[in-house]
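Trainee: Handing you a structure now.
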Amino acid sequence: MAVLPRRRIRGSPRTLIGGALRISREAPHAQPHEAARTESDELAELTGLAEPHESHEPAGPGRPGAPGVQGAARTGARRAFLPEDFVVPTLVAGPRFRIRPITVHDVVKDYAAVRGSLERLRERFGPDWGWPDEEFTFDQALIDIAWLQKEGQLRRSFSYAVTTPDEERQLGRIHIAPSDTPDADAVVVFWVRDDQDDPALERELEDFVREWVVTTWPFSTVRFPGRD
């Protein structure tokens, strides 16, 4: 997997896959006013209860990223990610799974899905994107999901929960974000939890997602980092 140079930007792969980038883990020598911030302050900002501050920028050099994801925010500043009149899909229901935008109400099931797949997710995303970290806590999961929900509200990137048809269990996630390279309109990342009974499910989801993002979404070319 190619790795781009380190840059300070918003919308990094860590944001796309995991959610909010915790300053306390990136900048151990933060200024006093940054150190005094609490998780409640962060969550209030991420859920739209307060205006975001510049301190949410990654401190120090940015994390390396997969092609097409690092720099998504800068691309969005040049051109709109989606047409203004495009209606973002809110539910895809089928006999095997349901797909809908992820929200903070999903945090319990999402946390279980991540915890049930820690080894493979770290293997796949950890070296380049730093997620999930070694001390992935429930509190961090809540902040992450709130950030992903806010990104969707701002139409900057979109994250979906993949659940069983009855929504009793979360099976994984799908993330859709702008590409910062001219050879694609968007990048898509998805995963399925390890501790589920059907080994064919991920392949079935992949077949669906590859068709869905070019037939339902206004994209002509899509990249799948780590899969293409």
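To be explicit about the labels: the chains of the structure tokens are called A, B, and onward in the order shown, and within each one the residues are counted from 1, while ligands get numbers from 1 in the order they are shown.
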May I have the residues within 8 Å of Ser157 in chain A as a list of chain:residue names, using only C-alpha atoms and disregarding those fewer than 5 positions away in the same chain?

Mentor: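 The residues satisfying every condition are A:Leu16, A:Leu148, A:Glu151, A:Gly152, A:His175, A:Ile176, A:Ala177, A:Pro178.
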
Trainee: Pick out the residues sitting within 10 Å of Glu206 in chain A, and hand them over as a VMD selection string; count only C-alpha atoms, and ignore anything fewer than 6 positions along from it in its own chain.

Mentor: chain A and resid 174 189 to 192 212 227

Trainee: Could you turn the residues from that selection into a file that holds C-alpha atoms, as a PDB file, in the first residue's frame?

Mentor:
```
ATOM      1  CA  ILE A 174     -18.280   1.554   5.196  1.00  0.00           C
ATOM      2  CA  VAL A 189     -12.907   1.806   2.754  1.00  0.00           C
ATOM      3  CA  PHE A 190     -14.925  -0.933   4.435  1.00  0.00           C
ATOM      4  CA  TRP A 191     -14.435  -3.829   6.807  1.00  0.00           C
ATOM      5  CA  VAL A 192     -16.346  -6.723   8.348  1.00  0.00           C
ATOM      6  CA  TRP A 212     -23.459   0.681  -5.025  1.00  0.00           C
ATOM      7  CA  ARG A 227      -8.138  -3.649  -1.930  1.00  0.00           C
TER       8      ARG A 227
END
```

Trainee: Determine which residues of range 106-183 of chain A receive a DSSP assignment of strand (DSSP E), computed from the backbone, and state them as an MDAnalysis selection string.

Mentor: chainID A and resid 158:163 170:178

Trainee: Only N, CA, C and O atoms, please: the residues just picked out, written as a PDB file, in the first residue's frame.

Mentor:
```pdb
ATOM      1  N   PHE A 158     -18.655  10.258   4.587  1.00  0.00           N
ATOM      2  CA  PHE A 158     -19.841   9.537   5.026  1.00  0.00           C
ATOM      3  C   PHE A 158     -19.436   8.165   5.550  1.00  0.00           C
ATOM      4  O   PHE A 158     -18.676   7.442   4.905  1.00  0.00           O
ATOM      5  N   SER A 159     -19.956   7.844   6.731  1.00  0.00           N
ATOM      6  CA  SER A 159     -19.643   6.568   7.368  1.00  0.00           C
ATOM      7  C   SER A 159     -20.938   5.827   7.665  1.00  0.00           C
ATOM      8  O   SER A 159     -21.894   6.422   8.187  1.00  0.00           O
ATOM      9  N   TYR A 160     -20.952   4.552   7.346  1.00  0.00           N
ATOM     10  CA  TYR A 160     -22.148   3.733   7.490  1.00  0.00           C
ATOM     11  C   TYR A 160     -21.881   2.543   8.394  1.00  0.00           C
ATOM     12  O   TYR A 160     -20.806   1.931   8.342  1.00  0.00           O
ATOM     13  N   ALA A 161     -22.873   2.217   9.201  1.00  0.00           N
ATOM     14  CA  ALA A 161     -22.856   0.977   9.961  1.00  0.00           C
ATOM     15  C   ALA A 161     -23.452  -0.122   9.083  1.00  0.00           C
ATOM     16  O   ALA A 161     -24.476   0.088   8.432  1.00  0.00           O
ATOM     17  N   VAL A 162     -22.810  -1.268   9.086  1.00  0.00           N
ATOM     18  CA  VAL A 162     -23.351  -2.453   8.413  1.00  0.00           C
ATOM     19  C   VAL A 162     -23.846  -3.379   9.512  1.00  0.00           C
ATOM     20  O   VAL A 162     -23.063  -3.812  10.367  1.00  0.00           O
ATOM     21  N   THR A 163     -25.137  -3.681   9.518  1.00  0.00           N
ATOM     22  CA  THR A 163     -25.724  -4.474  10.595  1.00  0.00           C
ATOM     23  C   THR A 163     -26.444  -5.692  10.028  1.00  0.00           C
ATOM     24  O   THR A 163     -26.658  -5.799   8.819  1.00  0.00           O
ATOM     25  N   GLN A 170     -23.893  -5.295  14.896  1.00  0.00           N
ATOM     26  CA  GLN A 170     -23.160  -4.578  13.860  1.00  0.00           C
ATOM     27  C   GLN A 170     -22.102  -5.493  13.272  1.00  0.00           C
ATOM     28  O   GLN A 170     -21.345  -6.133  13.998  1.00  0.00           O
ATOM     29  N   LEU A 171     -22.053  -5.525  11.955  1.00  0.00           N
ATOM     30  CA  LEU A 171     -21.136  -6.405  11.248  1.00  0.00           C
ATOM     31  C   LEU A 171     -19.866  -5.706  10.787  1.00  0.00           C
ATOM     32  O   LEU A 171     -18.855  -6.351  10.531  1.00  0.00           O
ATOM     33  N   GLY A 172     -19.924  -4.390  10.641  1.00  0.00           N
ATOM     34  CA  GLY A 172     -18.757  -3.660  10.159  1.00  0.00           C
ATOM     35  C   GLY A 172     -19.117  -2.234   9.817  1.00  0.00           C
ATOM     36  O   GLY A 172     -20.106  -1.692  10.310  1.00  0.00           O
ATOM     37  N   ARG A 173     -18.280  -1.619   8.954  1.00  0.00           N
ATOM     38  CA  ARG A 173     -18.493  -0.229   8.549  1.00  0.00           C
ATOM     39  C   ARG A 173     -18.137  -0.035   7.085  1.00  0.00           C
ATOM     40  O   ARG A 173     -17.355  -0.798   6.514  1.00  0.00           O
ATOM     41  N   ILE A 174     -18.658   1.064   6.521  1.00  0.00           N
ATOM     42  CA  ILE A 174     -18.280   1.554   5.196  1.00  0.00           C
ATOM     43  C   ILE A 174     -17.973   3.036   5.338  1.00  0.00           C
ATOM     44  O   ILE A 174     -18.722   3.768   5.990  1.00  0.00           O
ATOM     45  N   HIS A 175     -16.875   3.508   4.722  1.00  0.00           N
ATOM     46  CA  HIS A 175     -16.502   4.919   4.748  1.00  0.00           C
ATOM     47  C   HIS A 175     -16.322   5.415   3.314  1.00  0.00           C
ATOM     48  O   HIS A 175     -15.634   4.773   2.522  1.00  0.00           O
ATOM     49  N   ILE A 176     -16.915   6.560   3.004  1.00  0.00           N
ATOM     50  CA  ILE A 176     -16.843   7.161   1.671  1.00  0.00           C
ATOM     51  C   ILE A 176     -16.328   8.578   1.831  1.00  0.00           C
ATOM     52  O   ILE A 176     -16.884   9.366   2.603  1.00  0.00           O
ATOM     53  N   ALA A 177     -15.266   8.932   1.108  1.00  0.00           N
ATOM     54  CA  ALA A 177     -14.649  10.253   1.261  1.00  0.00           C
ATOM     55  C   ALA A 177     -14.137  10.751  -0.095  1.00  0.00           C
ATOM     56  O   ALA A 177     -13.963   9.965  -1.037  1.00  0.00           O
ATOM     57  N   PRO A 178     -13.870  12.068  -0.205  1.00  0.00           N
ATOM     58  CA  PRO A 178     -13.318  12.604  -1.453  1.00  0.00           C
ATOM     59  C   PRO A 178     -11.927  12.056  -1.730  1.00  0.00           C
ATOM     60  O   PRO A 178     -11.189  11.720  -0.813  1.00  0.00           O
TER      61      PRO A 178
END
```
